Amino acid sequence: MQNKHASTLYSGIKPICGLVLSAALFSSFSVQAYNKGMPAPGAKKQAELSQENSRASYYLKYKPDMETQAKSLVAKLGGTITDTMPERRVLIVSLDKSDIDNLTANRKQYSDIIDYVEINPQRQLLEKKTSLSY
């Protein structure tokens with residue numbers, strides 16, 4: 001009698017296993033073929049990230065009374081000024097990495113205008129729920 005129940009139990013499990021196996025195989029197929037001519041998911045975000053990697057935000061500290069010259073230097077390099085801190089003599093600029101490399105390589109040429117240039121660190125907000133919050 002026990003054998004009869006066991007065979008009934010196994011026969012009920014076989015279709016379920018087949019269903020699970022079929023679902024697993026189906027879900028592993030690429031959906032790219034369905035979207036022919038369409039960009040891959042995340043392609044836009046990857047393009048934005050690569051563009052962000054080529055352009056970055058920097059602090060550009062200029063010498064006293066050299067704000068106008070520093071702004072014209074940023075414009076000459078093709079950068080954009082995103083913010084200013086005149087009380088600290090700092091411009092926050094967006095420049096290509098190659099332009100910053102050029103600026104640091106020719107430091108002596110711009111030493112009468114610029115004190116230093118450093119990367120503007122990217123900051124992120126903390127999650128609302130942290131281990132310290134209740």
# chains A, B, ... in the order shown; residues from 1 in each chain; ligands from 1
>>> closest_atom_pairs(of="range 52-71 of chain A", to="range 76-93 of chain A", cutoff="8 Å", atoms="only C-alpha atoms", output="CSV")
residue,atom,partner,partner_atom,distance
A:Ser57,CA,A:Val93,CA,5.5
A:Tyr58,CA,A:Val93,CA,5.3
A:Tyr59,CA,A:Ile92,CA,4.8
A:Leu60,CA,A:Leu91,CA,5.1
A:Lys61,CA,A:Val90,CA,4.4
A:Tyr62,CA,A:Arg89,CA,5.7
A:Lys63,CA,A:Arg89,CA,7.1
A:Pro64,CA,A:Arg89,CA,7.1
A:Glu67,CA,A:Arg89,CA,7.3
A:Lys71,CA,A:Ile81,CA,7.7
>>> residues_around(residues="Lys97 in chain A", least_positions_apart="6", cutoff="10 Å", atoms="only C-alpha atoms", output="PDB file with all heavy atoms, in the first residue's frame")
ATOM      1  N   ASN A  53      32.364  59.870 -18.077  1.00  0.00           N
ATOM      2  CA  ASN A  53      33.753  59.537 -17.779  1.00  0.00           C
ATOM      3  C   ASN A  53      34.716  60.429 -18.544  1.00  0.00           C
ATOM      4  O   ASN A  53      35.818  60.691 -18.090  1.00  0.00           O
ATOM      5  CB  ASN A  53      34.035  58.065 -18.091  1.00  0.00           C
ATOM      6  CG  ASN A  53      33.388  57.154 -17.085  1.00  0.00           C
ATOM      7  OD1 ASN A  53      33.053  57.557 -15.980  1.00  0.00           O
ATOM      8  ND2 ASN A  53      33.191  55.904 -17.461  1.00  0.00           N
ATOM      9  N   SER A  54      34.318  60.898 -19.729  1.00  0.00           N
ATOM     10  CA  SER A  54      35.211  61.762 -20.494  1.00  0.00           C
ATOM     11  C   SER A  54      35.145  63.197 -19.977  1.00  0.00           C
ATOM     12  O   SER A  54      36.096  63.941 -20.110  1.00  0.00           O
ATOM     13  CB  SER A  54      34.860  61.713 -21.974  1.00  0.00           C
ATOM     14  OG  SER A  54      33.586  62.280 -22.200  1.00  0.00           O
ATOM     15  N   ARG A  55      34.039  63.605 -19.386  1.00  0.00           N
ATOM     16  CA  ARG A  55      33.878  64.938 -18.801  1.00  0.00           C
ATOM     17  C   ARG A  55      33.663  64.772 -17.312  1.00  0.00           C
ATOM     18  O   ARG A  55      32.919  63.927 -16.878  1.00  0.00           O
ATOM     19  CB  ARG A  55      32.664  65.640 -19.401  1.00  0.00           C
ATOM     20  CG  ARG A  55      33.033  66.597 -20.493  1.00  0.00           C
ATOM     21  CD  ARG A  55      31.825  67.365 -20.967  1.00  0.00           C
ATOM     22  NE  ARG A  55      31.801  68.760 -20.642  1.00  0.00           N
ATOM     23  CZ  ARG A  55      32.582  69.666 -21.156  1.00  0.00           C
ATOM     24  NH1 ARG A  55      33.507  69.321 -22.003  1.00  0.00           N
ATOM     25  NH2 ARG A  55      32.482  70.925 -20.836  1.00  0.00           N
ATOM     26  N   ALA A  56      34.331  65.595 -16.548  1.00  0.00           N
ATOM     27  CA  ALA A  56      34.194  65.518 -15.096  1.00  0.00           C
ATOM     28  C   ALA A  56      34.141  66.921 -14.520  1.00  0.00           C
ATOM     29  O   ALA A  56      34.465  67.908 -15.178  1.00  0.00           O
ATOM     30  CB  ALA A  56      35.359  64.731 -14.509  1.00  0.00           C
ATOM     31  N   SER A  57      33.746  66.977 -13.267  1.00  0.00           N
ATOM     32  CA  SER A  57      33.654  68.247 -12.564  1.00  0.00           C
ATOM     33  C   SER A  57      34.914  68.455 -11.729  1.00  0.00           C
ATOM     34  O   SER A  57      35.396  67.537 -11.075  1.00  0.00           O
ATOM     35  CB  SER A  57      32.418  68.237 -11.669  1.00  0.00           C
ATOM     36  OG  SER A  57      32.286  69.456 -10.990  1.00  0.00           O
ATOM     37  N   TYR A  58      35.444  69.687 -11.770  1.00  0.00           N
ATOM     38  CA  TYR A  58      36.690  70.007 -11.072  1.00  0.00           C
ATOM     39  C   TYR A  58      36.543  71.307 -10.299  1.00  0.00           C
ATOM     40  O   TYR A  58      35.770  72.187 -10.682  1.00  0.00           O
ATOM     41  CB  TYR A  58      37.843  70.171 -12.080  1.00  0.00           C
ATOM     42  CG  TYR A  58      38.175  68.921 -12.831  1.00  0.00           C
ATOM     43  CD1 TYR A  58      37.562  68.631 -14.040  1.00  0.00           C
ATOM     44  CD2 TYR A  58      39.110  68.023 -12.332  1.00  0.00           C
ATOM     45  CE1 TYR A  58      37.868  67.478 -14.734  1.00  0.00           C
ATOM     46  CE2 TYR A  58      39.419  66.866 -13.025  1.00  0.00           C
ATOM     47  CZ  TYR A  58      38.795  66.603 -14.216  1.00  0.00           C
ATOM     48  OH  TYR A  58      39.091  65.455 -14.893  1.00  0.00           O
ATOM     49  N   LEU A 103      46.109  71.165 -18.949  1.00  0.00           N
ATOM     50  CA  LEU A 103      46.256  72.257 -17.987  1.00  0.00           C
ATOM     51  C   LEU A 103      47.317  71.932 -16.947  1.00  0.00           C
ATOM     52  O   LEU A 103      48.157  72.773 -16.633  1.00  0.00           O
ATOM     53  CB  LEU A 103      44.909  72.522 -17.307  1.00  0.00           C
ATOM     54  CG  LEU A 103      44.822  73.697 -16.355  1.00  0.00           C
ATOM     55  CD1 LEU A 103      45.008  74.998 -17.108  1.00  0.00           C
ATOM     56  CD2 LEU A 103      43.483  73.697 -15.654  1.00  0.00           C
TER      57      LEU A 103
END
>>> atom_distance(atom1="CA of Gln124 in chain A", atom2="CA of Ser94 in chain A")
18.5 Å
>>> atom_distance(atom1="CA of Gln122 in chain A", atom2="CA of Ala75 in chain A")
23.1 Å
>>> closest_residue(among="A:Leu125, A:Asp99, A:Asp112, A:Ile119", to="Ala70 in chain A", atoms="only C-alpha atoms")
A:Asp112
>>> atom_distance(atom1="CA of Leu95 in chain A", atom2="CA of Asp65 in chain A")
22.6 Å
